[in-house]
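**Q** File name protein_2.json; file contents JSON, C-alpha atoms and all ligand atoms; full text below.
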```json
[["chain", "number", "residue", "atom", "x", "y", "z"],
["L", 859, "MET", "CA", -20.25, 42.21, 0.20],
["L", 860, "THR", "CA", -20.76, 40.73, -3.25],
["L", 861, "ASP", "CA", -24.18, 39.59, -4.32],
["L", 862, "ALA", "CA", -22.55, 36.57, -5.89],
["L", 863, "ALA", "CA", -21.97, 35.18, -2.40],
["L", 864, "LEU", "CA", -25.68, 35.34, -1.64],
["L", 865, "ALA", "CA", -28.15, 32.68, -2.64],
["L", 866, "GLU", "CA", -30.35, 33.64, -5.56],
["L", 867, "GLY", "CA", -33.23, 31.40, -4.68],
["L", 868, "SER", "CA", -32.05, 28.52, -6.85],
["L", 869, "ASP", "CA", -29.93, 26.33, -4.58],
["L", 870, "THR", "CA", -31.74, 23.72, -2.55],
["L", 871, "ALA", "CA", -31.08, 22.15, 0.82],
["L", 872, "GLY", "CA", -33.39, 19.26, 1.51],
["L", 873, "SER", "CA", -36.71, 19.82, -0.18],
["L", 874, "PHE", "CA", -36.94, 23.59, 0.22],
["L", 875, "PRO", "CA", -35.13, 26.23, -1.84],
["L", 876, "ILE", "CA", -32.74, 28.61, -0.10],
["L", 877, "PRO", "CA", -34.56, 31.97, 0.01],
["L", 878, "SER", "CA", -32.96, 34.73, -2.04],
["L", 879, "GLY", "CA", -30.65, 37.21, -0.36],
["L", 880, "VAL", "CA", -29.41, 34.95, 2.45],
["L", 881, "PHE", "CA", -26.17, 33.08, 2.96],
["L", 882, "ALA", "CA", -26.39, 29.28, 3.08],
["L", 883, "GLU", "CA", -23.59, 28.03, 5.36],
["L", 884, "THR", "CA", -22.47, 24.62, 6.55],
["L", 885, "VAL", "CA", -22.42, 23.47, 10.17],
["L", 886, "THR", "CA", -18.86, 22.54, 11.18],
["L", 887, "GLU", "CA", -19.25, 21.74, 14.90],
["L", 888, "VAL", "CA", -22.01, 21.20, 17.47],
["L", 889, "GLN", "CA", -21.55, 20.91, 21.24],
["L", 890, "HIS", "CA", -24.38, 20.30, 23.67],
["L", 891, "TYR", "CA", -23.89, 21.49, 27.26],
["L", 892, "THR", "CA", -27.23, 20.73, 28.89],
["L", 893, "ASP", "CA", -30.77, 19.95, 27.83],
["L", 894, "ARG", "CA", -31.24, 23.74, 27.55],
["L", 895, "LEU", "CA", -28.00, 25.03, 25.98],
["L", 896, "PHE", "CA", -25.70, 24.24, 23.06],
["L", 897, "ARG", "CA", -23.21, 25.90, 20.79],
["L", 898, "PHE", "CA", -22.54, 25.43, 17.09],
["L", 899, "ARG", "CA", -20.17, 26.72, 14.44],
["L", 900, "ILE", "CA", -20.80, 27.35, 10.76],
["L", 901, "THR", "CA", -18.66, 28.32, 7.80],
["L", 902, "ARG", "CA", -18.26, 32.06, 7.35],
["L", 903, "PRO", "CA", -19.13, 33.74, 4.06],
["L", 904, "GLN", "CA", -15.96, 35.39, 2.75],
["L", 905, "SER", "CA", -17.69, 38.73, 2.31],
["L", 906, "PHE", "CA", -19.36, 38.76, 5.76],
["L", 907, "ARG", "CA", -18.01, 41.45, 8.07],
["L", 908, "PHE", "CA", -19.28, 42.31, 11.56],
["L", 909, "ARG", "CA", -18.20, 44.11, 14.71],
["L", 910, "SER", "CA", -17.64, 41.88, 17.75],
["L", 911, "GLY", "CA", -20.83, 41.96, 19.84],
["L", 912, "GLU", "CA", -23.28, 42.28, 16.92],
["L", 913, "PHE", "CA", -26.08, 39.87, 16.04],
["L", 914, "VAL", "CA", -27.44, 38.39, 12.81],
["L", 915, "MET", "CA", -30.69, 36.70, 11.79],
["L", 916, "ILE", "CA", -30.31, 32.98, 11.27],
["L", 917, "GLY", "CA", -32.64, 30.12, 10.39],
["L", 918, "LEU", "CA", -32.98, 26.71, 8.80],
["L", 919, "PRO", "CA", -34.00, 25.96, 5.22],
["L", 920, "ASN", "CA", -36.83, 23.75, 6.46],
["L", 921, "SER", "CA", -39.85, 25.54, 5.03],
["L", 922, "ALA", "CA", -40.86, 27.79, 2.15],
["L", 923, "LYS", "CA", -40.74, 30.77, 4.55],
["L", 924, "PRO", "CA", -38.08, 29.90, 7.14],
["L", 925, "VAL", "CA", -38.31, 31.24, 10.70],
["L", 926, "MET", "CA", -35.37, 33.61, 11.28],
["L", 927, "ARG", "CA", -34.22, 34.66, 14.76],
["L", 928, "ALA", "CA", -31.64, 37.08, 16.11],
["L", 929, "TYR", "CA", -28.44, 35.41, 17.28],
["L", 930, "SER", "CA", -25.40, 37.20, 18.64],
["L", 931, "VAL", "CA", -22.26, 36.13, 16.87],
["L", 932, "ALA", "CA", -20.23, 34.53, 19.67],
["L", 933, "SER", "CA", -16.98, 34.25, 17.72],
["L", 934, "PRO", "CA", -14.64, 37.23, 17.36],
["L", 935, "SER", "CA", -14.49, 39.17, 14.11],
["L", 936, "TRP", "CA", -11.08, 37.64, 13.21],
["L", 937, "ASP", "CA", -12.34, 34.04, 13.38],
["L", 938, "GLU", "CA", -12.65, 32.25, 10.03],
["L", 939, "GLU", "CA", -15.88, 30.56, 11.17],
["L", 940, "LEU", "CA", -18.98, 31.86, 12.97],
["L", 941, "GLU", "CA", -20.00, 30.54, 16.40],
["L", 942, "PHE", "CA", -23.40, 30.78, 18.10],
["L", 943, "PHE", "CA", -24.60, 29.90, 21.61],
["L", 944, "SER", "CA", -28.24, 28.84, 21.71],
["L", 945, "ILE", "CA", -31.00, 27.92, 24.04],
["L", 946, "LYS", "CA", -33.23, 24.90, 23.28],
["L", 947, "VAL", "CA", -36.91, 25.56, 23.65],
["L", 948, "ALA", "CA", -39.34, 22.64, 23.34],
["L", 949, "GLY", "CA", -41.80, 23.74, 20.68],
["L", 950, "GLY", "CA", -39.75, 26.88, 19.91],
["L", 951, "PRO", "CA", -40.34, 27.81, 16.25],
["L", 952, "LEU", "CA", -36.61, 27.74, 15.45],
["L", 953, "THR", "CA", -34.78, 26.14, 18.38],
["L", 954, "GLU", "CA", -36.97, 23.02, 18.34],
["L", 955, "HIS", "CA", -35.29, 22.20, 15.00],
["L", 956, "LEU", "CA", -31.99, 24.02, 15.42],
["L", 957, "GLN", "CA", -31.07, 21.90, 18.46],
["L", 958, "LYS", "CA", -31.04, 18.84, 16.17],
["L", 959, "ILE", "CA", -28.51, 20.19, 13.65],
["L", 960, "LYS", "CA", -25.48, 18.09, 12.78],
["L", 961, "VAL", "CA", -22.14, 18.72, 11.12],
["L", 962, "GLY", "CA", -22.73, 19.14, 7.38],
["L", 963, "ASP", "CA", -26.27, 20.59, 7.72],
["L", 964, "THR", "CA", -27.15, 23.98, 6.23],
["L", 965, "VAL", "CA", -27.92, 27.10, 8.30],
["L", 966, "ILE", "CA", -29.17, 30.22, 6.54],
["L", 967, "MET", "CA", -28.16, 33.71, 7.60],
["L", 968, "ARG", "CA", -29.22, 37.20, 6.54],
["L", 969, "PRO", "CA", -26.23, 39.26, 5.45],
["L", 970, "LYS", "CA", -26.61, 42.33, 7.66],
["L", 971, "PRO", "CA", -25.25, 42.30, 11.23],
["L", 972, "THR", "CA", -26.46, 44.88, 13.76],
["L", 973, "GLY", "CA", -26.56, 45.57, 17.51],
["L", 974, "THR", "CA", -25.71, 47.94, 20.33],
["L", 975, "LEU", "CA", -23.23, 45.79, 22.30],
["L", 976, "VAL", "CA", -20.29, 47.25, 20.42],
["L", 977, "ASN", "CA", -17.33, 49.31, 21.56],
["L", 978, "ASP", "CA", -18.53, 52.13, 19.27],
["L", 979, "ALA", "CA", -21.66, 52.67, 21.40],
["L", 980, "LEU", "CA", -19.60, 53.39, 24.52],
["L", 981, "ILE", "CA", -17.55, 56.47, 25.27],
["L", 982, "PRO", "CA", -13.96, 55.65, 26.23],
["L", 983, "GLY", "CA", -13.36, 54.28, 29.72],
["L", 984, "LYS", "CA", -10.92, 52.25, 31.78],
["L", 985, "ARG", "CA", -12.87, 49.16, 32.84],
["L", 986, "LEU", "CA", -15.47, 47.30, 30.76],
["L", 987, "PHE", "CA", -18.10, 45.33, 32.70],
["L", 988, "CYS", "CA", -20.06, 42.73, 30.70],
["L", 989, "PHE", "CA", -23.04, 41.39, 32.68],
["L", 990, "SER", "CA", -24.90, 38.37, 31.29],
["L", 991, "THR", "CA", -27.42, 35.66, 32.10],
["L", 992, "GLY", "CA", -28.04, 32.47, 30.12],
["L", 993, "THR", "CA", -27.37, 32.82, 26.38],
["L", 994, "GLY", "CA", -26.71, 36.52, 27.00],
["L", 995, "PHE", "CA", -23.05, 35.55, 27.36],
["L", 996, "ALA", "CA", -22.81, 35.06, 23.55],
["L", 997, "PRO", "CA", -21.91, 38.63, 22.48],
["L", 998, "PHE", "CA", -19.30, 38.74, 25.24],
["L", 999, "ALA", "CA", -17.75, 35.50, 23.97],
["L", 1000, "SER", "CA", -17.05, 37.56, 20.86],
["L", 1001, "LEU", "CA", -15.92, 40.76, 22.58],
["L", 1002, "ILE", "CA", -13.51, 39.13, 25.06],
["L", 1003, "ARG", "CA", -11.76, 37.39, 22.16],
["L", 1004, "ASP", "CA", -11.29, 40.63, 20.21],
["L", 1005, "PRO", "CA", -7.91, 42.35, 20.71],
["L", 1006, "GLU", "CA", -9.62, 45.70, 20.07],
["L", 1007, "THR", "CA", -11.50, 45.33, 23.37],
["L", 1008, "TYR", "CA", -8.16, 45.32, 25.20],
["L", 1009, "GLU", "CA", -6.91, 48.27, 23.18],
["L", 1010, "LYS", "CA", -9.92, 50.26, 24.41],
["L", 1011, "PHE", "CA", -10.06, 49.06, 28.03],
["L", 1012, "GLU", "CA", -7.44, 48.36, 30.69],
["L", 1013, "GLN", "CA", -9.58, 45.73, 32.38],
["L", 1014, "VAL", "CA", -12.48, 43.58, 31.13],
["L", 1015, "ILE", "CA", -14.78, 42.01, 33.73],
["L", 1016, "VAL", "CA", -17.30, 39.49, 32.42],
["L", 1017, "THR", "CA", -20.03, 37.90, 34.52],
["L", 1018, "HIS", "CA", -22.32, 35.00, 33.68],
["L", 1019, "THR", "CA", -25.22, 33.91, 35.86],
["L", 1020, "CYS", "CA", -27.16, 30.72, 35.21],
["L", 1021, "ARG", "CA", -29.38, 28.44, 37.19],
["L", 1022, "GLN", "CA", -26.98, 25.50, 37.25],
["L", 1023, "HIS", "CA", -23.28, 24.76, 37.16],
["L", 1024, "ASP", "CA", -23.32, 22.93, 33.77],
["L", 1025, "GLU", "CA", -24.86, 25.99, 32.13],
["L", 1026, "LEU", "CA", -21.67, 27.93, 32.89],
["L", 1027, "LYS", "CA", -19.44, 25.54, 30.93],
["L", 1028, "TYR", "CA", -19.57, 27.52, 27.70],
["L", 1029, "SER", "CA", -18.44, 30.75, 29.35],
["L", 1030, "ALA", "CA", -15.85, 28.98, 31.54],
["L", 1031, "ASP", "CA", -14.37, 27.20, 28.50],
["L", 1032, "THR", "CA", -14.42, 30.35, 26.39],
["L", 1033, "VAL", "CA", -12.60, 32.39, 29.03],
["L", 1034, "ALA", "CA", -10.03, 29.62, 29.62],
["L", 1035, "ASN", "CA", -9.43, 29.24, 25.87],
["L", 1036, "THR", "CA", -9.15, 33.01, 25.42],
["L", 1037, "LEU", "CA", -6.40, 33.19, 28.03],
["L", 1038, "GLN", "CA", -4.53, 30.36, 26.22],
["L", 1039, "ASP", "CA", -5.13, 31.74, 22.73],
["L", 1040, "PRO", "CA", -1.94, 32.59, 20.80],
["L", 1041, "LEU", "CA", -3.53, 35.75, 19.37],
["L", 1042, "VAL", "CA", -5.62, 37.20, 22.22],
["L", 1043, "GLY", "CA", -4.14, 35.48, 25.29],
["L", 1044, "GLU", "CA", -1.36, 38.00, 25.54],
["L", 1045, "PHE", "CA", -3.84, 40.93, 25.65],
["L", 1046, "ALA", "CA", -6.30, 39.20, 27.98],
["L", 1047, "SER", "CA", -3.83, 37.79, 30.46],
["L", 1048, "GLY", "CA", -4.14, 39.55, 33.83],
["L", 1049, "ARG", "CA", -6.78, 41.93, 32.43],
["L", 1050, "LEU", "CA", -9.73, 39.64, 31.76],
["L", 1051, "LEU", "CA", -11.66, 38.78, 34.94],
["L", 1052, "TYR", "CA", -14.44, 36.18, 34.94],
["L", 1053, "PHE", "CA", -17.19, 35.97, 37.53],
["L", 1054, "PRO", "CA", -19.59, 33.01, 37.16],
["L", 1055, "SER", "CA", -22.54, 32.59, 39.51],
["L", 1056, "THR", "CA", -25.44, 30.20, 39.88],
["L", 1057, "THR", "CA", -28.84, 30.63, 41.46],
["L", 1058, "ARG", "CA", -30.28, 27.13, 41.78],
["L", 1059, "GLU", "CA", -27.27, 24.90, 42.34],
["L", 1060, "GLU", "CA", -24.40, 25.31, 44.79],
["L", 1061, "THR", "CA", -21.19, 26.66, 43.24],
["L", 1062, "GLN", "CA", -18.40, 28.97, 44.43],
["L", 1063, "HIS", "CA", -20.51, 32.09, 43.81],
["L", 1064, "MET", "CA", -24.20, 31.85, 44.54],
["L", 1065, "GLY", "CA", -26.87, 34.38, 43.62],
["L", 1066, "ARG", "CA", -28.12, 36.76, 40.97],
["L", 1067, "ILE", "CA", -25.47, 39.22, 39.83],
["L", 1068, "THR", "CA", -27.85, 42.08, 40.62],
["L", 1069, "THR", "CA", -27.98, 40.96, 44.26],
["L", 1070, "LEU", "CA", -24.22, 40.40, 44.41],
["L", 1071, "ILE", "CA", -23.59, 43.93, 43.09],
["L", 1072, "GLN", "CA", -25.95, 45.40, 45.66],
["L", 1073, "THR", "CA", -24.47, 43.47, 48.59],
["L", 1074, "GLY", "CA", -20.92, 44.17, 47.42],
["L", 1075, "ALA", "CA", -20.08, 40.43, 47.33],
["L", 1076, "PHE", "CA", -19.24, 40.76, 43.61],
["L", 1077, "TYR", "CA", -16.59, 43.44, 44.21],
["L", 1078, "GLU", "CA", -15.16, 41.61, 47.22],
["L", 1079, "ALA", "CA", -14.84, 38.32, 45.31],
["L", 1080, "LEU", "CA", -12.87, 39.96, 42.49],
["L", 1081, "LYS", "CA", -11.08, 42.44, 44.76],
["L", 1082, "ILE", "CA", -12.10, 45.36, 42.56],
["L", 1083, "ALA", "CA", -13.40, 48.86, 43.24],
["L", 1084, "PRO", "CA", -17.18, 49.37, 42.94],
["L", 1085, "LEU", "CA", -18.78, 50.54, 39.69],
["L", 1086, "ASP", "CA", -17.97, 54.17, 38.92],
["L", 1087, "PRO", "CA", -19.45, 56.00, 35.90],
["L", 1088, "ALA", "CA", -16.34, 58.19, 35.65],
["L", 1089, "ILE", "CA", -14.13, 55.28, 34.56],
["L", 1090, "ASP", "CA", -16.37, 52.28, 33.94],
["L", 1091, "ARG", "CA", -18.42, 51.21, 30.94],
["L", 1092, "ILE", "CA", -21.09, 48.52, 31.02],
["L", 1093, "MET", "CA", -22.63, 46.09, 28.55],
["L", 1094, "VAL", "CA", -25.66, 44.01, 29.56],
["L", 1095, "CYS", "CA", -27.21, 41.01, 27.81],
["L", 1096, "GLY", "CA", -29.76, 38.56, 29.17],
["L", 1097, "SER", "CA", -33.43, 38.08, 29.94],
["L", 1098, "MET", "CA", -35.89, 40.98, 30.01],
["L", 1099, "ALA", "CA", -36.32, 40.78, 33.79],
["L", 1100, "PHE", "CA", -32.55, 40.79, 34.34],
["L", 1101, "MET", "CA", -32.06, 43.75, 32.01],
["L", 1102, "LYS", "CA", -34.78, 45.72, 33.74],
["L", 1103, "ASP", "CA", -33.25, 45.13, 37.17],
["L", 1104, "ILE", "CA", -29.68, 45.88, 36.19],
["L", 1105, "ARG", "CA", -30.77, 49.03, 34.37],
["L", 1106, "THR", "CA", -32.33, 50.29, 37.60],
["L", 1107, "ILE", "CA", -29.06, 49.66, 39.45],
["L", 1108, "VAL", "CA", -26.77, 51.34, 36.93],
["L", 1109, "ASP", "CA", -29.16, 54.24, 36.31],
["L", 1110, "GLU", "CA", -29.08, 54.94, 40.05],
["L", 1111, "LEU", "CA", -25.27, 54.84, 39.98],
["L", 1112, "GLY", "CA", -25.30, 57.59, 37.34],
["L", 1113, "PHE", "CA", -24.60, 55.59, 34.16],
["L", 1114, "THR", "CA", -26.33, 56.75, 30.96],
["L", 1115, "GLU", "CA", -27.48, 54.52, 28.15],
["L", 1116, "GLY", "CA", -25.64, 54.78, 24.83],
["L", 1117, "SER", "CA", -26.31, 53.75, 21.24],
["L", 1118, "ASN", "CA", -24.38, 53.62, 17.99],
["L", 1119, "ALA", "CA", -25.68, 57.12, 17.18],
["L", 1120, "GLU", "CA", -25.02, 58.53, 20.64],
["L", 1121, "PRO", "CA", -22.43, 56.66, 22.73],
["L", 1122, "GLY", "CA", -22.96, 56.53, 26.49],
["L", 1123, "THR", "CA", -21.62, 54.76, 29.56],
["L", 1124, "TYR", "CA", -23.77, 51.61, 29.27],
["L", 1125, "VAL", "CA", -25.55, 49.58, 26.59],
["L", 1126, "VAL", "CA", -28.07, 46.75, 26.80],
["L", 1127, "GLU", "CA", -29.37, 44.05, 24.51],
["L", 1128, "ARG", "CA", -31.98, 41.40, 25.10],
["L", 1129, "ALA", "CA", -30.71, 37.86, 24.63],
["L", 1130, "PHE", "CA", -32.46, 35.67, 22.11],
["L", 1131, "VAL", "CA", -35.02, 33.66, 24.08],
["L", 1132, "GLY", "CA", -36.79, 31.17, 21.86],
["L", 1201, "LIG", "P1", -33.11, 32.80, 39.13],
["L", 1201, "LIG", "O1", -32.80, 31.33, 39.13],
["L", 1201, "LIG", "O2", -33.09, 33.42, 40.50],
["L", 1201, "LIG", "O3", -34.38, 33.14, 38.36],
["L", 1201, "LIG", "P2", -33.17, 31.92, 32.96],
["L", 1201, "LIG", "O4", -32.56, 30.55, 32.77],
["L", 1201, "LIG", "O5", -34.53, 31.90, 33.56],
["L", 1201, "LIG", "O6", -33.06, 32.79, 31.73],
["L", 1201, "LIG", "O7", -32.26, 32.64, 34.05],
["L", 1201, "LIG", "C1", -30.88, 32.72, 33.90],
["L", 1201, "LIG", "C2", -30.30, 33.30, 35.15],
["L", 1201, "LIG", "O8", -30.72, 34.67, 35.26],
["L", 1201, "LIG", "C3", -30.78, 32.57, 36.39],
["L", 1201, "LIG", "O9", -29.68, 32.35, 37.23],
["L", 1201, "LIG", "C4", -31.78, 33.55, 36.97],
["L", 1201, "LIG", "O10", -31.88, 33.51, 38.38],
["L", 1201, "LIG", "C5", -31.18, 34.88, 36.57],
["L", 1201, "LIG", "N1", -32.20, 35.94, 36.59],
["L", 1201, "LIG", "C6", -33.48, 35.86, 36.23],
["L", 1201, "LIG", "N2", -34.14, 37.01, 36.42],
["L", 1201, "LIG", "C7", -33.22, 37.87, 36.91],
["L", 1201, "LIG", "C8", -33.29, 39.23, 37.32],
["L", 1201, "LIG", "N3", -34.41, 39.95, 37.25],
["L", 1201, "LIG", "N4", -32.16, 39.80, 37.78],
["L", 1201, "LIG", "C9", -31.01, 39.10, 37.86],
["L", 1201, "LIG", "N5", -30.89, 37.81, 37.50],
["L", 1201, "LIG", "C10", -31.99, 37.19, 37.04]]
```
I'd like the structure from this file rewritten - as structure tokens, please.
Ligand code: A2P
**A**
Amino acid sequence: MTDAALAEGSDTAGSFPIPSGVFAETVTEVQHYTDRLFRFRITRPQSFRFRSGEFVMIGLPNSAKPVMRAYSVASPSWDEELEFFSIKVAGGPLTEHLQKIKVGDTVIMRPKPTGTLVNDALIPGKRLFCFSTGTGFAPFASLIRDPETYEKFEQVIVTHTCRQHDELKYSADTVANTLQDPLVGEFASGRLLYFPSTTREETQHMGRITTLIQTGAFYEALKIAPLDPAIDRIMVCGSMAFMKDIRTIVDELGFTEGSNAEPGTYVVERAFVG
């Protein structure tokens, strides 16, 4: 990365200066799904590199000391823009304002990506299971669009559980677009499986993913063999309560948690919540 690409504290957006050492990027697209969820895209700094599944700190130049929050990059590493999937929290220090952004606005971003939901933190396996709730789908939107994921795994199974049907639209659209994509579609076709479920509105699959794993309904619906630590690898992203419960399940099945320093058979990351 070149320092020249980073703000030096002199540019301004609105009435506040861009803090030094952050990128100032332009919003290129905003799509609202529900009164709780939206996605947006920003320009990508030329020097910015990340591994699919990592997160960055982003904020708005709306105060002298802007609030910065962790956001998983939802776009794949080959994409020329950056995409994010966000919750809207009334009174949330960042999302209260972020949910109002429009094309042409400025979003600031710290230059260093990080995170554990990366292929490098898992030892090689055959099937990759990505379990998510709410905005926890974001890192998987990146990983399922990365050809490297299909080089490392024969099958990629991604689940997304939300309260209501409309909250699944982002993941449903992303999976459909991935399968049609000229670059990744060929890799993903026949190997990417998607399992959406809802807990508070009737859809094809009802219930928490944790429950559906335990009852076996999840495996039956996809016609796949149950989780097996010998061949399967797991990534988890969602609320704290969800992560705690799924950890208990996979620990009991014999999976071991990995990190960048010491790869294992599963990795977890808390989704950004407000
Ligand atoms: P539920 O409606 O039964 O709470 P939220 O919008 O609150 O972040 O929740 C997103 C989804 O995650 C909801 O469908 C919710 O189900 C589910 N969820 C919440 N807690 C857990 C948990 N401990 N284990 C599995 N799923 C959970």
**Q** Need to verify the contact set: region 1085-1093 of chain L, 10 Å, all atoms listed in the file, exclusion of same-chain residues closer than 5 positions in sequence. Can you return it as an NGL selection string?
**A** :L and (911 or 974-977 or 979-990 or 997-998 or 1011 or 1013-1016 or 1071 or 1077 or 1108-1109 or 1111-1116 or 1122-1127)
**Q** Go ahead and write the selection's residues with C-alpha atoms as a CSV table (one decimal), in the coordinates of the input.
**A**
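Final file, result_8.csv:
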```
chain,number,residue,atom,x,y,z
L,911,GLY,CA,-20.8,42.0,19.8
L,974,THR,CA,-25.7,47.9,20.3
L,975,LEU,CA,-23.2,45.8,22.3
L,976,VAL,CA,-20.3,47.2,20.4
L,977,ASN,CA,-17.3,49.3,21.6
L,979,ALA,CA,-21.7,52.7,21.4
L,980,LEU,CA,-19.6,53.4,24.5
L,981,ILE,CA,-17.6,56.5,25.3
L,982,PRO,CA,-14.0,55.6,26.2
L,983,GLY,CA,-13.4,54.3,29.7
L,984,LYS,CA,-10.9,52.2,31.8
L,985,ARG,CA,-12.9,49.2,32.8
L,986,LEU,CA,-15.5,47.3,30.8
L,987,PHE,CA,-18.1,45.3,32.7
L,988,CYS,CA,-20.1,42.7,30.7
L,989,PHE,CA,-23.0,41.4,32.7
L,990,SER,CA,-24.9,38.4,31.3
L,997,PRO,CA,-21.9,38.6,22.5
L,998,PHE,CA,-19.3,38.7,25.2
L,1011,PHE,CA,-10.1,49.1,28.0
L,1013,GLN,CA,-9.6,45.7,32.4
L,1014,VAL,CA,-12.5,43.6,31.1
L,1015,ILE,CA,-14.8,42.0,33.7
L,1016,VAL,CA,-17.3,39.5,32.4
L,1071,ILE,CA,-23.6,43.9,43.1
L,1077,TYR,CA,-16.6,43.4,44.2
L,1108,VAL,CA,-26.8,51.3,36.9
L,1109,ASP,CA,-29.2,54.2,36.3
L,1111,LEU,CA,-25.3,54.8,40.0
L,1112,GLY,CA,-25.3,57.6,37.3
L,1113,PHE,CA,-24.6,55.6,34.2
L,1114,THR,CA,-26.3,56.8,31.0
L,1115,GLU,CA,-27.5,54.5,28.2
L,1116,GLY,CA,-25.6,54.8,24.8
L,1122,GLY,CA,-23.0,56.5,26.5
L,1123,THR,CA,-21.6,54.8,29.6
L,1124,TYR,CA,-23.8,51.6,29.3
L,1125,VAL,CA,-25.6,49.6,26.6
L,1126,VAL,CA,-28.1,46.8,26.8
L,1127,GLU,CA,-29.4,44.0,24.5
```
**Q** Could you list, as a PDB file with C-alpha atoms, in the frame of the given file, all residues that come within 7 Å of ligand LIG 1201 (chain L)? Count all atoms listed in the file.
**A**
```pdb
ATOM      1  CA  THR L 991     -27.420  35.660  32.100  1.00  0.00           C
ATOM      2  CA  GLY L 992     -28.040  32.470  30.120  1.00  0.00           C
ATOM      3  CA  THR L1019     -25.220  33.910  35.860  1.00  0.00           C
ATOM      4  CA  CYS L1020     -27.160  30.720  35.210  1.00  0.00           C
ATOM      5  CA  ARG L1021     -29.380  28.440  37.190  1.00  0.00           C
ATOM      6  CA  THR L1056     -25.440  30.200  39.880  1.00  0.00           C
ATOM      7  CA  THR L1057     -28.840  30.630  41.460  1.00  0.00           C
ATOM      8  CA  ARG L1058     -30.280  27.130  41.780  1.00  0.00           C
ATOM      9  CA  ARG L1066     -28.120  36.760  40.970  1.00  0.00           C
ATOM     10  CA  ILE L1067     -25.470  39.220  39.830  1.00  0.00           C
ATOM     11  CA  THR L1068     -27.850  42.080  40.620  1.00  0.00           C
ATOM     12  CA  SER L1097     -33.430  38.080  29.940  1.00  0.00           C
ATOM     13  CA  ALA L1099     -36.320  40.780  33.790  1.00  0.00           C
ATOM     14  CA  PHE L1100     -32.550  40.790  34.340  1.00  0.00           C
ATOM     15  CA  MET L1101     -32.060  43.750  32.010  1.00  0.00           C
ATOM     16  CA  LYS L1102     -34.780  45.720  33.740  1.00  0.00           C
ATOM     17  CA  ASP L1103     -33.250  45.130  37.170  1.00  0.00           C
ATOM     18  CA  ILE L1104     -29.680  45.880  36.190  1.00  0.00           C
TER      19      ILE L1104
END
```
**Q** So which one's closest to Ser1117 (chain L), L:Thr972, L:Ser930, L:Ser1055, L:Thr1017? Using only C-alpha atoms, please.
**A**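 Comparing L:Thr972, L:Ser930, L:Ser1055, L:Thr1017 against Ser1117 (chain L), the winner is L:Thr972.
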**Q** Which one is closest to Asp1031 (chain L): L:Gln889, L:Thr1069, L:Asn920, L:Ser935? Count only C-alpha atoms.
**A**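 Of L:Gln889, L:Thr1069, L:Asn920, L:Ser935, the one nearest Asp1031 (chain L) is L:Gln889, counting only C-alpha atoms.
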**Q** I'd like the contact shell of Ser933 (chain L) - 12 Å cut-off, all atoms listed in the file, skipping same-chain residues fewer than 2 positions apart - returned as JSON, numbers by chain.
**A** {"L": [897, 898, 899, 900, 901, 902, 908, 909, 910, 911, 912, 913, 929, 930, 931, 935, 936, 937, 938, 939, 940, 941, 942, 943, 995, 996, 997, 998, 999, 1000, 1001, 1002, 1003, 1004, 1032, 1036]}
**Q** Write out as a list of chain:residue names which residues come within 9 Å of Ile916 (chain L) when counting only C-alpha atoms, dropping same-chain ones fewer than 5 positions away.
**A**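 The contact residues come out as L:Val925, L:Met926, L:Arg927, L:Ala928, L:Tyr929, L:Val965, L:Ile966, L:Met967, L:Arg968.
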**Q** Go ahead and save the residues from that selection, with C-alpha atoms, as a short mmCIF file (atom, residue, chain, number, x, y, z; two decimals), in the coordinates of the input.
**A**
```cif
data_model
loop_
_atom_site.label_atom_id
_atom_site.label_comp_id
_atom_site.auth_asym_id
_atom_site.auth_seq_id
_atom_site.Cartn_x
_atom_site.Cartn_y
_atom_site.Cartn_z
CA VAL L 925 -38.31 31.24 10.70
CA MET L 926 -35.37 33.61 11.28
CA ARG L 927 -34.22 34.66 14.76
CA ALA L 928 -31.64 37.08 16.11
CA TYR L 929 -28.44 35.41 17.28
CA VAL L 965 -27.92 27.10 8.30
CA ILE L 966 -29.17 30.22 6.54
CA MET L 967 -28.16 33.71 7.60
CA ARG L 968 -29.22 37.20 6.54
#
```
**Q** Measure the distance from CA of Met915 (chain L) to CA of Val880 (chain L) in Å and round it to one decimal.
**A**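 Separating CA of Met915 (chain L) from CA of Val880 (chain L) is a distance of 9.6 Å.
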**Q** Taking all listed atoms of region 981-984 of chain L, build the axis-aligned box, pad each of the six sides by 3 Å, then write its centre and edge lengths in Å to one decimal as AutoDock Vina command-line options.
**A**
```
--center_x -14.2 --center_y 54.4 --center_z 28.5 --size_x 12.6 --size_y 10.2 --size_z 12.5
```
**Q** Measure the distance from CA of Ile876 (chain L) to CA of Ser921 (chain L) in Å and round it to one decimal.
**A**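 CA of Ile876 (chain L) sits 9.3 Å away from CA of Ser921 (chain L).
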**Q** One number please: CA of Gln1038 (chain L) to CA of Asp1024 (chain L), in Å, one decimal.
**A**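 So the two atoms, CA of Gln1038 (chain L) and CA of Asp1024 (chain L), lie 21.6 Å apart.
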**Q** Calculated over only C-alpha atoms, which of the candidates L:Pro1005, L:Gly1048, L:Pro875, L:Gly1065 has the smallest distance to Gln1022 (chain L)?
**A**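 Between L:Pro1005, L:Gly1048, L:Pro875, L:Gly1065, the residue approaching Gln1022 (chain L) most closely is L:Gly1065.
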**Q** Between L:Pro877, L:Gly1043, L:Gly917, L:Pro1121, which one has atoms that come closest to Asp963 (chain L), using all atoms listed in the file?
**A** L:Gly917
**Q** Which is closer to Gly962 (chain L) than all the others in L:Val885, L:Met1098, L:Val1033, L:Pro919, using only C-alpha atoms?
**A**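 Of L:Val885, L:Met1098, L:Val1033, L:Pro919, the one nearest Gly962 (chain L), counting only C-alpha atoms, is L:Val885.
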**Q** Which is closest to Lys923 (chain L) among L:Thr1106, L:Arg894, L:Ser878, L:Asn1118, if we use only C-alpha atoms?
**A**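 For Lys923 (chain L), the nearest of the candidates is L:Ser878.
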